[in-house]
$ cat entry-v3.cif   # mmCIF, C-alpha atoms and all ligand atoms
data_start
#
loop_
_atom_site.group_PDB
_atom_site.id
_atom_site.type_symbol
_atom_site.label_atom_id
_atom_site.label_comp_id
_atom_site.auth_asym_id
_atom_site.auth_seq_id
_atom_site.Cartn_x
_atom_site.Cartn_y
_atom_site.Cartn_z
ATOM 1 C CA MET A 1 92.160 89.848 118.579
ATOM 2 C CA PRO A 2 94.422 91.266 121.286
ATOM 3 C CA THR A 3 96.018 94.604 120.422
ATOM 4 C CA HIS A 4 99.531 93.138 120.580
ATOM 5 C CA ASN A 5 98.798 91.048 117.501
ATOM 6 C CA ARG A 6 97.598 94.037 115.485
ATOM 7 C CA THR A 7 99.725 96.013 113.063
ATOM 8 C CA ALA A 8 99.334 99.666 112.103
ATOM 9 C CA LEU A 9 100.641 101.107 108.843
ATOM 10 C CA ILE A 10 101.412 104.793 109.373
ATOM 11 C CA THR A 11 102.416 107.062 106.500
ATOM 12 C CA GLY A 12 104.315 110.247 107.274
ATOM 13 C CA ALA A 13 105.686 108.687 110.462
ATOM 14 C CA SER A 14 108.998 110.562 110.389
ATOM 15 C CA ALA A 15 107.601 113.737 111.984
ATOM 16 C CA GLY A 16 104.671 115.537 113.588
ATOM 17 C CA ILE A 17 101.278 113.855 113.889
ATOM 18 C CA GLY A 18 102.454 110.626 112.217
ATOM 19 C CA ALA A 19 105.346 110.115 114.665
ATOM 20 C CA CYS A 20 102.910 110.842 117.476
ATOM 21 C CA PHE A 21 100.505 108.156 116.157
ATOM 22 C CA ALA A 22 103.452 105.735 116.072
ATOM 23 C CA ARG A 23 104.352 106.423 119.733
ATOM 24 C CA TYR A 24 100.701 106.229 120.837
ATOM 25 C CA LEU A 25 99.877 102.981 119.036
ATOM 26 C CA ALA A 26 103.163 101.311 120.062
ATOM 27 C CA ALA A 27 102.433 102.226 123.694
ATOM 28 C CA ASN A 28 99.063 100.505 123.163
ATOM 29 C CA GLY A 29 100.801 97.331 121.989
ATOM 30 C CA HIS A 30 100.512 97.682 118.212
ATOM 31 C CA ASN A 31 103.200 96.460 115.864
ATOM 32 C CA LEU A 32 104.065 99.090 113.279
ATOM 33 C CA LEU A 33 104.979 99.554 109.646
ATOM 34 C CA LEU A 34 106.306 103.096 109.324
ATOM 35 C CA VAL A 35 106.524 104.917 105.985
ATOM 36 C CA ALA A 36 108.059 108.264 104.945
ATOM 37 C CA ARG A 37 110.942 109.477 102.771
ATOM 38 C CA ARG A 38 113.456 110.111 105.592
ATOM 39 C CA GLU A 39 114.657 106.606 106.337
ATOM 40 C CA ASP A 40 117.108 107.706 109.073
ATOM 41 C CA ARG A 41 114.257 109.171 111.117
ATOM 42 C CA LEU A 42 112.095 106.067 110.641
ATOM 43 C CA ARG A 43 114.983 103.826 111.723
ATOM 44 C CA GLU A 44 115.562 105.899 114.862
ATOM 45 C CA LEU A 45 111.873 105.912 115.795
ATOM 46 C CA ALA A 46 111.523 102.167 115.167
ATOM 47 C CA ALA A 47 114.486 101.431 117.457
ATOM 48 C CA GLU A 48 113.058 103.719 120.161
ATOM 49 C CA LEU A 49 109.615 102.081 120.066
ATOM 50 C CA THR A 50 110.860 98.499 119.957
ATOM 51 C CA ALA A 51 113.115 99.197 122.961
ATOM 52 C CA ALA A 52 110.376 101.003 124.899
ATOM 53 C CA HIS A 53 107.397 98.731 124.183
ATOM 54 C CA GLY A 54 108.751 95.465 122.772
ATOM 55 C CA VAL A 55 106.644 95.804 119.616
ATOM 56 C CA ARG A 56 107.726 94.766 116.115
ATOM 57 C CA CYS A 57 108.480 97.863 114.104
ATOM 58 C CA ASP A 58 109.236 97.657 110.373
ATOM 59 C CA ILE A 59 110.113 100.620 108.197
ATOM 60 C CA PHE A 60 109.745 101.274 104.486
ATOM 61 C CA ALA A 61 111.204 104.421 102.939
ATOM 62 C CA ALA A 62 108.987 105.665 100.126
ATOM 63 C CA ASP A 63 108.047 108.843 98.324
ATOM 64 C CA LEU A 64 104.262 108.766 98.106
ATOM 65 C CA THR A 65 104.250 111.141 95.148
ATOM 66 C CA ASP A 66 105.556 108.123 93.208
ATOM 67 C CA VAL A 67 102.568 106.348 91.638
ATOM 68 C CA ASN A 68 104.172 102.981 92.388
ATOM 69 C CA ALA A 69 104.641 103.626 96.132
ATOM 70 C CA PRO A 70 101.343 102.254 97.561
ATOM 71 C CA LYS A 71 101.767 98.910 95.772
ATOM 72 C CA ALA A 72 105.463 98.784 96.749
ATOM 73 C CA ILE A 73 104.555 99.296 100.433
ATOM 74 C CA MET A 74 101.994 96.511 100.343
ATOM 75 C CA ALA A 75 104.343 94.197 98.428
ATOM 76 C CA TYR A 76 106.945 94.768 101.164
ATOM 77 C CA ALA A 77 104.319 94.008 103.840
ATOM 78 C CA HIS A 78 103.348 90.833 102.001
ATOM 79 C CA ARG A 79 107.005 89.677 101.733
ATOM 80 C CA LYS A 80 107.454 90.270 105.475
ATOM 81 C CA GLY A 81 104.217 88.467 106.384
ATOM 82 C CA ILE A 82 102.680 91.672 107.765
ATOM 83 C CA GLU A 83 98.892 92.083 107.679
ATOM 84 C CA ILE A 84 97.581 95.607 108.191
ATOM 85 C CA ASP A 85 94.789 95.995 110.778
ATOM 86 C CA VAL A 86 95.083 99.759 111.215
ATOM 87 C CA LEU A 87 95.885 102.284 108.478
ATOM 88 C CA ILE A 88 96.838 105.855 109.358
ATOM 89 C CA ASN A 89 96.866 107.734 106.048
ATOM 90 C CA ASN A 90 98.744 110.730 107.411
ATOM 91 C CA ALA A 91 101.540 111.883 105.052
ATOM 92 C CA GLY A 92 100.900 115.334 103.661
ATOM 93 C CA LEU A 93 102.017 118.891 103.076
ATOM 94 C CA SER A 94 100.789 122.059 101.462
ATOM 95 C CA GLY A 95 102.298 124.044 98.654
ATOM 96 C CA ASN A 96 102.380 127.808 99.090
ATOM 97 C CA THR A 97 102.712 129.229 95.598
ATOM 98 C CA ALA A 98 100.122 130.460 93.098
ATOM 99 C CA PHE A 99 98.433 127.700 91.081
ATOM 100 C CA ALA A 100 99.382 129.198 87.691
ATOM 101 C CA ASP A 101 103.024 129.660 88.733
ATOM 102 C CA THR A 102 103.511 126.185 90.211
ATOM 103 C CA ALA A 103 105.021 123.477 88.018
ATOM 104 C CA TRP A 104 102.511 120.767 87.090
ATOM 105 C CA THR A 105 104.823 118.103 88.528
ATOM 106 C CA ALA A 106 104.535 119.728 91.972
ATOM 107 C CA LEU A 107 100.725 119.989 91.762
ATOM 108 C CA ALA A 108 100.432 116.425 90.487
ATOM 109 C CA GLY A 109 102.643 115.345 93.394
ATOM 110 C CA GLU A 110 100.248 116.938 95.905
ATOM 111 C CA LEU A 111 97.283 115.167 94.298
ATOM 112 C CA GLN A 112 99.124 111.839 94.205
ATOM 113 C CA LEU A 113 100.332 112.113 97.822
ATOM 114 C CA MET A 114 97.104 113.256 99.483
ATOM 115 C CA ILE A 115 94.361 111.900 97.190
ATOM 116 C CA VAL A 116 95.512 108.974 95.053
ATOM 117 C CA ALA A 117 97.918 107.317 97.524
ATOM 118 C CA VAL A 118 95.446 107.796 100.402
ATOM 119 C CA THR A 119 92.637 106.210 98.390
ATOM 120 C CA GLU A 120 94.801 103.427 96.949
ATOM 121 C CA LEU A 121 96.248 102.426 100.333
ATOM 122 C CA ALA A 122 92.724 102.285 101.786
ATOM 123 C CA HIS A 123 91.750 100.018 98.888
ATOM 124 C CA LEU A 124 94.832 97.805 99.214
ATOM 125 C CA VAL A 125 94.408 97.069 102.941
ATOM 126 C CA LEU A 126 90.756 96.039 102.616
ATOM 127 C CA PRO A 127 91.029 92.386 101.563
ATOM 128 C CA SER A 128 92.761 91.301 104.787
ATOM 129 C CA MET A 129 90.632 93.619 106.943
ATOM 130 C CA LYS A 130 87.476 92.177 105.395
ATOM 131 C CA ALA A 131 88.731 88.620 105.876
ATOM 132 C CA LYS A 132 89.278 89.350 109.598
ATOM 133 C CA GLY A 133 86.086 91.389 110.000
ATOM 134 C CA PHE A 134 88.170 94.098 111.658
ATOM 135 C CA GLY A 135 89.848 97.275 110.476
ATOM 136 C CA ARG A 136 90.524 100.857 111.513
ATOM 137 C CA ILE A 137 91.364 103.561 108.947
ATOM 138 C CA ILE A 138 92.150 107.169 109.840
ATOM 139 C CA ASN A 139 92.583 109.559 106.911
ATOM 140 C CA LEU A 140 94.158 112.953 107.617
ATOM 141 C CA SER A 141 91.828 115.647 106.406
ATOM 142 C CA SER A 142 91.962 119.072 108.065
ATOM 143 C CA LEU A 143 89.856 121.820 109.568
ATOM 144 C CA ALA A 144 90.601 123.408 106.190
ATOM 145 C CA ALA A 145 87.994 121.034 104.737
ATOM 146 C CA PHE A 146 85.354 123.060 106.624
ATOM 147 C CA SER A 147 86.917 126.417 105.797
ATOM 148 C CA PRO A 148 86.822 128.714 102.764
ATOM 149 C CA PRO A 149 89.657 127.977 100.325
ATOM 150 C CA GLY A 150 92.635 130.335 100.078
ATOM 151 C CA ALA A 151 93.374 131.768 96.632
ATOM 152 C CA GLY A 152 95.224 129.332 94.412
ATOM 153 C CA LEU A 153 95.932 126.600 96.959
ATOM 154 C CA LEU A 154 94.793 123.027 96.282
ATOM 155 C CA TYR A 155 95.087 122.033 99.959
ATOM 156 C CA THR A 156 91.505 122.896 100.994
ATOM 157 C CA ALA A 157 90.030 121.063 98.019
ATOM 158 C CA ILE A 158 92.258 118.045 98.647
ATOM 159 C CA LYS A 159 91.279 117.840 102.316
ATOM 160 C CA GLY A 160 87.624 118.269 101.306
ATOM 161 C CA TYR A 161 87.984 115.168 99.144
ATOM 162 C CA VAL A 162 89.511 113.219 102.046
ATOM 163 C CA LEU A 163 86.663 114.250 104.371
ATOM 164 C CA SER A 164 83.969 113.210 101.910
ATOM 165 C CA MET A 165 85.727 110.022 100.793
ATOM 166 C CA SER A 166 86.237 108.856 104.392
ATOM 167 C CA GLN A 167 82.552 109.240 105.230
ATOM 168 C CA SER A 168 81.605 107.375 102.087
ATOM 169 C CA LEU A 169 83.958 104.460 102.851
ATOM 170 C CA ASP A 170 82.774 104.332 106.455
ATOM 171 C CA MET A 171 79.152 103.958 105.308
ATOM 172 C CA GLU A 172 80.122 101.006 103.118
ATOM 173 C CA LEU A 173 82.587 99.269 105.414
ATOM 174 C CA LYS A 174 81.306 99.719 108.971
ATOM 175 C CA PRO A 175 78.879 96.775 108.687
ATOM 176 C CA GLN A 176 81.974 94.628 107.975
ATOM 177 C CA GLY A 177 83.794 95.751 111.128
ATOM 178 C CA ILE A 178 85.939 98.381 109.388
ATOM 179 C CA ASN A 179 85.607 101.889 110.827
ATOM 180 C CA VAL A 180 86.868 104.838 108.776
ATOM 181 C CA THR A 181 87.429 108.296 110.253
ATOM 182 C CA ALA A 182 88.410 111.593 108.663
ATOM 183 C CA LEU A 183 90.646 113.385 111.142
ATOM 184 C CA CYS A 184 90.268 117.169 110.757
ATOM 185 C CA PRO A 185 92.777 118.964 112.996
ATOM 186 C CA GLY A 186 93.268 122.706 113.113
ATOM 187 C CA PHE A 187 96.686 124.233 113.763
ATOM 188 C CA THR A 188 98.803 121.487 115.305
ATOM 189 C CA TYR A 189 102.407 121.706 116.500
ATOM 190 C CA SER A 190 104.521 119.802 113.943
ATOM 191 C CA GLU A 191 106.902 120.550 111.065
ATOM 192 C CA PHE A 192 104.003 121.264 108.685
ATOM 193 C CA HIS A 193 104.326 125.061 108.678
ATOM 194 C CA ASP A 194 108.137 124.926 108.401
ATOM 195 C CA VAL A 195 107.764 122.780 105.265
ATOM 196 C CA MET A 196 105.048 125.096 103.924
ATOM 197 C CA GLY A 197 107.151 128.168 104.681
ATOM 198 C CA THR A 198 104.411 129.823 106.743
ATOM 199 C CA ARG A 199 106.029 129.583 110.194
ATOM 200 C CA GLU A 200 106.371 133.362 110.502
ATOM 201 C CA THR A 201 102.656 133.911 109.790
ATOM 202 C CA THR A 202 101.404 131.065 111.965
ATOM 203 C CA ASN A 203 103.597 132.080 114.929
ATOM 204 C CA LYS A 204 101.499 135.246 115.145
ATOM 205 C CA LEU A 205 98.237 133.294 115.554
ATOM 206 C CA PRO A 206 96.789 133.120 119.087
ATOM 207 C CA ALA A 207 97.758 130.091 121.187
ATOM 208 C CA ILE A 208 94.098 129.144 121.614
ATOM 209 C CA LEU A 209 94.065 128.047 117.959
ATOM 210 C CA TRP A 210 96.879 125.506 118.485
ATOM 211 C CA GLN A 211 96.848 121.902 119.680
ATOM 212 C CA GLN A 212 99.537 119.446 120.670
ATOM 213 C CA PRO A 213 99.698 116.416 118.353
ATOM 214 C CA ASP A 214 99.206 114.015 121.308
ATOM 215 C CA ALA A 215 95.756 115.477 121.974
ATOM 216 C CA VAL A 216 94.857 115.194 118.281
ATOM 217 C CA VAL A 217 95.985 111.566 118.113
ATOM 218 C CA GLN A 218 94.155 110.510 121.288
ATOM 219 C CA GLN A 219 90.887 112.027 120.099
ATOM 220 C CA ALA A 220 91.258 110.471 116.651
ATOM 221 C CA TRP A 221 91.873 107.011 118.107
ATOM 222 C CA ALA A 222 88.837 107.299 120.389
ATOM 223 C CA ALA A 223 86.743 108.500 117.422
ATOM 224 C CA VAL A 224 87.664 105.662 115.065
ATOM 225 C CA ASN A 225 87.092 103.043 117.749
ATOM 226 C CA SER A 226 83.696 104.465 118.622
ATOM 227 C CA GLY A 227 82.713 104.518 114.941
ATOM 228 C CA ASN A 228 82.695 108.302 114.529
ATOM 229 C CA PRO A 229 83.409 108.994 110.810
ATOM 230 C CA VAL A 230 84.504 112.619 111.378
ATOM 231 C CA CYS A 231 86.809 113.789 114.152
ATOM 232 C CA VAL A 232 87.360 117.525 114.616
ATOM 233 C CA PRO A 233 89.644 117.563 117.658
ATOM 234 C CA GLY A 234 89.412 120.381 120.223
ATOM 235 C CA ALA A 235 86.572 122.696 121.284
ATOM 236 C CA VAL A 236 87.846 125.700 119.314
ATOM 237 C CA ASN A 237 88.161 123.700 116.096
ATOM 238 C CA LYS A 238 84.667 122.243 116.584
ATOM 239 C CA LEU A 239 83.313 125.767 117.010
ATOM 240 C CA ILE A 240 85.062 126.983 113.843
ATOM 241 C CA ALA A 241 83.871 123.982 111.814
ATOM 242 C CA SER A 242 80.266 124.353 112.924
ATOM 243 C CA THR A 243 80.248 128.151 112.411
ATOM 244 C CA VAL A 244 81.753 128.324 108.931
ATOM 245 C CA ARG A 245 79.825 125.489 107.259
ATOM 246 C CA PRO A 246 76.332 127.044 107.442
ATOM 247 C CA LEU A 247 77.484 130.453 106.087
ATOM 248 C CA PRO A 248 76.243 131.492 102.629
ATOM 249 C CA VAL A 249 78.638 130.409 99.871
ATOM 250 C CA ARG A 250 79.288 134.006 98.757
ATOM 251 C CA LEU A 251 80.284 134.987 102.311
ATOM 252 C CA GLN A 252 82.599 131.964 102.533
ATOM 253 C CA TYR A 253 84.213 133.070 99.265
ATOM 254 C CA TYR A 254 84.679 136.595 100.655
ATOM 255 C CA LEU A 255 86.230 135.258 103.865
ATOM 256 C CA GLY A 256 88.534 132.938 101.936
ATOM 257 C CA LYS A 257 89.663 135.781 99.686
ATOM 258 C CA ASN A 258 90.200 138.386 102.381
ATOM 259 C CA LEU A 259 90.915 136.652 105.696
ATOM 260 C CA ASN A 260 92.729 133.434 104.826
ATOM 261 C CA PRO A 261 96.280 133.665 106.253
ATOM 262 C CA PHE A 262 97.568 131.292 103.532
ATOM 263 C CA LYS A 263 97.057 133.300 100.368
ATOM 264 C CA SER A 264 99.361 131.869 97.738
ATOM 265 C CA GLU A 265 102.371 133.993 96.866
HETATM 266 N N1 LIG B 301 100.048 120.514 111.474
HETATM 267 C C1 LIG B 301 98.876 121.042 111.153
HETATM 268 O O1 LIG B 301 98.576 122.207 111.520
HETATM 269 C C2 LIG B 301 97.867 120.223 110.371
HETATM 270 C C3 LIG B 301 96.521 120.624 110.383
HETATM 271 C C4 LIG B 301 95.594 119.890 109.676
HETATM 272 C C5 LIG B 301 95.976 118.759 108.979
HETATM 273 N N2 LIG B 301 97.290 118.389 108.977
HETATM 274 C C6 LIG B 301 97.643 117.190 108.210
HETATM 275 O O2 LIG B 301 98.301 116.280 109.060
HETATM 276 C C7 LIG B 301 99.148 115.424 108.289
HETATM 277 C C8 LIG B 301 100.504 115.330 108.973
HETATM 278 O O3 LIG B 301 101.109 116.604 108.955
HETATM 279 P P1 LIG B 301 102.038 117.142 110.138
HETATM 280 O O4 LIG B 301 101.375 118.339 110.675
HETATM 281 O O5 LIG B 301 102.416 116.048 111.046
HETATM 282 O O6 LIG B 301 103.274 117.661 109.255
HETATM 283 P P2 LIG B 301 104.843 117.266 109.315
HETATM 284 O O7 LIG B 301 105.347 117.364 110.709
HETATM 285 O O8 LIG B 301 105.495 118.106 108.272
HETATM 286 O O9 LIG B 301 104.860 115.733 108.865
HETATM 287 C C9 LIG B 301 104.504 115.373 107.544
HETATM 288 C C10 LIG B 301 104.862 113.922 107.307
HETATM 289 O O10 LIG B 301 104.476 113.596 105.965
HETATM 290 C C11 LIG B 301 105.583 112.966 105.326
HETATM 291 N N3 LIG B 301 105.590 113.238 103.892
HETATM 292 C C12 LIG B 301 105.501 114.438 103.266
HETATM 293 N N4 LIG B 301 105.632 114.276 101.943
HETATM 294 C C13 LIG B 301 105.813 112.944 101.731
HETATM 295 C C14 LIG B 301 106.027 112.144 100.565
HETATM 296 N N5 LIG B 301 106.109 112.701 99.335
HETATM 297 N N6 LIG B 301 106.157 110.805 100.696
HETATM 298 C C15 LIG B 301 106.103 110.242 101.925
HETATM 299 N N7 LIG B 301 105.909 110.931 103.058
HETATM 300 C C16 LIG B 301 105.764 112.265 102.965
HETATM 301 C C17 LIG B 301 106.817 113.574 106.005
HETATM 302 O O11 LIG B 301 107.919 112.652 105.926
HETATM 303 P P3 LIG B 301 109.211 112.801 104.993
HETATM 304 O O12 LIG B 301 109.461 114.266 104.783
HETATM 305 O O13 LIG B 301 110.283 112.088 105.752
HETATM 306 O O14 LIG B 301 108.829 112.086 103.726
HETATM 307 C C18 LIG B 301 106.352 113.679 107.445
HETATM 308 O O15 LIG B 301 106.556 112.462 108.119
HETATM 309 C C19 LIG B 301 99.165 116.012 106.884
HETATM 310 O O16 LIG B 301 98.327 115.260 106.036
HETATM 311 C C20 LIG B 301 98.603 117.420 107.077
HETATM 312 O O17 LIG B 301 97.979 117.885 105.910
HETATM 313 C C21 LIG B 301 98.244 119.081 109.656
#

$ encode --input "entry-v3.cif" --output "structure tokens"
Amino acid sequence: MPTHNRTALITGASAGIGACFARYLAANGHNLLLVARREDRLRELAAELTAAHGVRCDIFAADLTDVNAPKAIMAYAHRKGIEIDVLINNAGLSGNTAFADTAWTALAGELQLMIVAVTELAHLVLPSMKAKGFGRIINLSSLAAFSPPGAGLLYTAIKGYVLSMSQSLDMELKPQGINVTALCPGFTYSEFHDVMGTRETTNKLPAILWQQPDAVVQQAWAAVNSGNPVCVPGAVNKLIASTVRPLPVRLQYYLGKNLNPFKSE
């Protein structure tokens, strides 16, 4: 099927890596269904991409911490006659407060947004992908999935789930033409650290640790199309991932406790 007949559903398209995926895939002729909470931003981006590339660009404002959101997105797609060929499960954030001091509703929201909604959307898009014998799914994990956890933060554990789940789905689905990739970026320029409240800390990190979102997106797209189930973009991130993983568990625990810049407050 030519690219211009394919549609990508991108969650978290109102900023950062998700907006970058939207620009990249539209430039490659994909129609888009963009999802996030900030409808004004989605509307602006959709107008920009339709004008620049002539692609169809639908938007659906949703809060993915709402358990009903994944089904509502797919019901909207169904009403509009949109079939999803590419899913970019990107929406996410990290809390920055101690586990015991964080309200359960906030923790449950993180789990719903980055585990349940990610898994449910992947499940919901499969029937039409299987019928076509074609699908591409990119799930946003993180370099954190390869790193020791910081005290009290769920983020590392959540991204570890996404990494493992993506590989598992890829094993099952690749024979049916559906490639699944866990994208594991390191520090990437976006609004992530402003939302997390760690901008001051991360600004002090050396530039070599940072990547532009365009580079992350290009490498992820190449990875999913070549059937690579795990994409760690950038040489420095690859080095970190391959160095930390083989360390003894007790040393990883020590590093997480003493060197992690994101200790919960
Ligand atoms: N930047 C990094 O250093 C980095 C590194 C590794 C992994 N990641 C991962 O990359 C993904 C994208 O992050 P980013 O860096 O692009 O951050 P970002 O610039 O803050 O963008 C996050 C996106 O997620 C959306 N989002 C957040 N909560 C949502 C909710 N409840 N419902 C719907 N949408 C929601 C936001 O849209 P609205 O606020 O409009 O809803 C926004 O579009 C995340 O999964 C993150 O964990 C980022």

$ closest_residue --input "entry-v3.cif" --among "A:Thr198, A:Asn260, A:Ser141, A:Ser168" --to "ligand LIG 301 (chain B)" --atoms "all atoms listed in the file"
A:Ser141

$ residues_near_ligand --input "entry-v3.cif" --ligand "ligand LIG 301 (chain B)" --cutoff "7 Å" --atoms "all atoms listed in the file" --output "number ranges by chain"
A: 11-18, 35-38, 62-65, 90-94, 113-114, 140-143, 184-193, 195

$ atom_distance --input "entry-v3.cif" --atom1 "CA of Thr97 in chain A" --atom2 "CA of Leu153 in chain A"
7.4 Å

$ atom_distance --input "entry-v3.cif" --atom1 "CA of Thr202 in chain A" --atom2 "CA of Ala19 in chain A"
21.5 Å

$ resolve_selection --input "entry-v3.cif" --expression "the PyMOL selection byres (((chain A and resi 233) around 9) and not hetatm)" --output "PyMOL selection string"
chain A and resi 183-186+211+215-217+219-220+231-232+234-238

$ atom_distance --input "entry-v3.cif" --atom1 "CA of Ala151 in chain A" --atom2 "CA of Ala207 in chain A"
25.0 Å

$ axis_aligned_box --input "entry-v3.cif" --around "range 47-57 of chain A" --padding-each-side "6 Å" --output "AutoDock Vina command-line options"
--center_x 110.6 --center_y 99.2 --center_z 119.5 --size_x 19.8 --size_y 21.0 --size_z 22.8

$ resolve_selection --input "entry-v3.cif" --expression "the PyMOL selection byres (((chain A and resi 172-176) around 10) and not hetatm)" --output "list in words"
Leu126, Met129, Lys130, Ala131, Lys132, Gly133, Phe134, Gly135, Arg136, Gln167, Ser168, Leu169, Asp170, Met171, Gly177, Ile178, Asn179, Val180, Gly227 and Pro229 of chain A

$ residues_around --input "entry-v3.cif" --residues "Ile59 in chain A" --least-positions-apart "2" --cutoff "8 Å" --atoms "all atoms listed in the file" --output "CSV table (one decimal) with C-alpha atoms, in the coordinates of the input"
chain,number,residue,atom,x,y,z
A,33,LEU,CA,105.0,99.6,109.6
A,34,LEU,CA,106.3,103.1,109.3
A,35,VAL,CA,106.5,104.9,106.0
A,39,GLU,CA,114.7,106.6,106.3
A,42,LEU,CA,112.1,106.1,110.6
A,43,ARG,CA,115.0,103.8,111.7
A,46,ALA,CA,111.5,102.2,115.2
A,57,CYS,CA,108.5,97.9,114.1
A,61,ALA,CA,111.2,104.4,102.9

$ residues_near_point --input "entry-v3.cif" --point "(99.5, 117.8, 94.1)" --cutoff "12 Å" --atoms "only C-alpha atoms" --output "VMD selection string"
chain A and resid 64 to 66 92 to 97 99 102 to 117 153 to 159

$ resolve_selection --input "entry-v3.cif" --expression "the PyMOL selection byres (((chain A and resi 83) around 10) and not hetatm)" --output "list in words"
Asn5, Arg6, Thr7, Ala8, Leu9, Leu33, Met74, Ala77, His78, Lys80, Gly81, Ile82, Ile84, Asp85, Val86, Val125, Pro127, Ser128 and Met129 of chain A

$ residues_around --input "entry-v3.cif" --residues "His53 in chain A" --least-positions-apart "4" --cutoff "12 Å" --atoms "only C-alpha atoms" --output "number ranges by chain"
A: 4, 22-32, 45-49, 57

$ closest_residue --input "entry-v3.cif" --among "A:Ser147, A:Thr201, A:Asn225, A:Thr181" --to "Gly256 in chain A" --atoms "all atoms listed in the file"
A:Ser147

$ closest_residue --input "entry-v3.cif" --among "A:Ala52, A:Ala241, A:Ile138, A:Ala69" --to "Ser166 in chain A" --atoms "all atoms listed in the file"
A:Ile138

$ decode --input "entry-v3.cif" --residues "range 197-202 of chain A" --atoms "all heavy atoms" --output "short mmCIF file (atom, residue, chain, number, x, y, z; two decimals), in the first residue's frame"
data_model
loop_
_atom_site.label_atom_id
_atom_site.label_comp_id
_atom_site.auth_asym_id
_atom_site.auth_seq_id
_atom_site.Cartn_x
_atom_site.Cartn_y
_atom_site.Cartn_z
N GLY A 197 9.53 19.02 36.25
CA GLY A 197 10.09 19.96 37.23
C GLY A 197 11.56 19.73 37.50
O GLY A 197 12.08 20.10 38.55
N THR A 198 12.25 19.11 36.52
CA THR A 198 13.68 18.81 36.70
C THR A 198 14.55 19.59 35.72
O THR A 198 15.70 19.22 35.49
CB THR A 198 13.93 17.30 36.50
OG1 THR A 198 13.29 16.89 35.30
CG2 THR A 198 13.42 16.49 37.67
N ARG A 199 14.02 20.66 35.14
CA ARG A 199 14.77 21.41 34.13
C ARG A 199 16.09 21.93 34.69
O ARG A 199 17.13 21.87 34.03
CB ARG A 199 13.89 22.57 33.60
CG ARG A 199 14.54 23.47 32.59
CD ARG A 199 15.00 22.75 31.32
NE ARG A 199 13.92 22.15 30.58
CZ ARG A 199 14.09 21.17 29.67
NH1 ARG A 199 15.30 20.69 29.42
NH2 ARG A 199 13.07 20.66 29.02
N GLU A 200 16.06 22.42 35.93
CA GLU A 200 17.28 22.99 36.52
C GLU A 200 18.39 21.93 36.62
O GLU A 200 19.53 22.18 36.27
CB GLU A 200 16.95 23.53 37.91
CG GLU A 200 17.75 24.78 38.26
CD GLU A 200 17.32 25.30 39.61
OE1 GLU A 200 16.11 25.62 39.77
OE2 GLU A 200 18.16 25.36 40.50
N THR A 201 18.01 20.73 37.06
CA THR A 201 18.99 19.63 37.19
C THR A 201 19.49 19.21 35.82
O THR A 201 20.69 19.04 35.61
CB THR A 201 18.33 18.39 37.84
OG1 THR A 201 17.56 18.83 38.95
CG2 THR A 201 19.34 17.37 38.28
N THR A 202 18.56 19.01 34.88
CA THR A 202 18.97 18.45 33.59
C THR A 202 19.77 19.45 32.77
O THR A 202 20.60 19.06 31.96
CB THR A 202 17.75 17.96 32.77
OG1 THR A 202 16.80 19.00 32.70
CG2 THR A 202 17.15 16.74 33.39
#
